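Here's the structure we're looking at; comments come further down.
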Amino acid sequence: MRSLSLLLILCLLVPCCATKKKKGKEKTGPVTLIGMIEMVNPEQNYVLIRCELMPNLSAGSELTAVSADGKKAKLILSPERKGHYLTADIKEGLPTVNSLVLLPTGAEVPPPATPPAPPPVPVSPPSTLKLPELPFIPLNLPPLSTNPTPPAKPAQPGAETAPNPGDLEPPVK
C-alpha cells in the first residue's frame, strides 16, 4: 500500500516538473515589422532594407534582423535613405538576404507619413445647376410642304444630246 501511494505521488510530480519553463536571457514581446533585407555587404558592414511603408525612424535606431532559420543580427539605422530603401550598419551577427527587420519592444514608431487627403469638392445638386442660355438664331429654311416634288421625267431614247466640245477636257500630251 505504501509503494502504491508513493507511485501515485511520483506520477503527480513528474508532469509538474516538465511544465516549468526555463527563463531565457532574451525577452519576447510585440515588435514592429520594418521591412526585409534586400542586400548584405559584409565587406563594408552594412545592409540594404526594403520597406513597403517608410517608417519615420531616426538614424541610430537599433533594429533586429531575424532570418528564416531563427538567427538574429543587430543593426543600427544609418541616415541614408532612397525611395523605399533604408541602410543600416551591422552591429553584431551576420544577417542574410530576405531576413525580416524588426523594431524591438519598447521603441516607438510614429506612423508612416502619408500625404493629407485633398478636401472634398462640393457638388451642387442637379436641381440648382443652371446652364447658360443660347441666343436665338433664325434659320432661313424653306417651309415644309405637304406635297412632295414630282420625280424627274425619264429622258426619251431618241432625244440624246451630243456633248459640247468646249466642255471636254484637253487631251494629255
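Ordering of the C-alpha cells sets the chain letters (A, B, ...), residue numbers begin anew at 1 in every chain, and ligands are numbered from 1 in the order given.
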Any idea what's packed within 10 Å of Ala88 (chain A), counting only C-alpha atoms, ignoring anything in its chain fewer than 4 positions away? Could you give it as a PyMOL selection string?
chain A and resi 37+40+45-49+59-63+74-81
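For Gly83 (chain A), the list of residues within 12 Å, based on only C-alpha atoms and with local chain neighbours fewer than 4 positions off taken out, reads A:Leu48, A:Ile49, A:Arg50, A:Cys51, A:Glu52, A:Leu53, A:Met54, A:Pro55, A:Thr87.
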Which residue of A:Met36, A:Val172, A:Leu141, A:Leu100 approaches His84 (chain A) most closely, using only C-alpha atoms:
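Distance minimum relative to His84 (chain A) lands on A:Met36.
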As an exercise, work out the distance from CA of Ser67 (chain A) to CA of Gln44 (chain A) in Å and give it to one decimal place.
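Result for CA of Ser67 (chain A) versus CA of Gln44 (chain A): 20.2 Å, one decimal.
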Could you please determine the separation between CA of Gly35 (chain A) and CA of Lys71 (chain A) in Å, to one decimal place?
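Going from CA of Gly35 (chain A) over to CA of Lys71 (chain A) covers 16.5 Å.
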Write out as a PDB file with C-alpha atoms, in the first residue's frame the residues lying within 12 Å of Asp69 (chain A), counting only C-alpha atoms and excluding same-chain residues fewer than 6 positions away.
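In the end it all went to part.pdb:
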```pdb
ATOM      1  CA  PRO A  95      22.252  38.982 -41.390  1.00  0.00           C
ATOM      2  CA  THR A  96      21.164  37.252 -44.593  1.00  0.00           C
ATOM      3  CA  ASN A  98      15.363  38.032 -47.051  1.00  0.00           C
ATOM      4  CA  SER A  99      15.751  38.344 -43.269  1.00  0.00           C
ATOM      5  CA  LEU A 100      12.934  40.262 -41.604  1.00  0.00           C
TER       6      LEU A 100
END
```
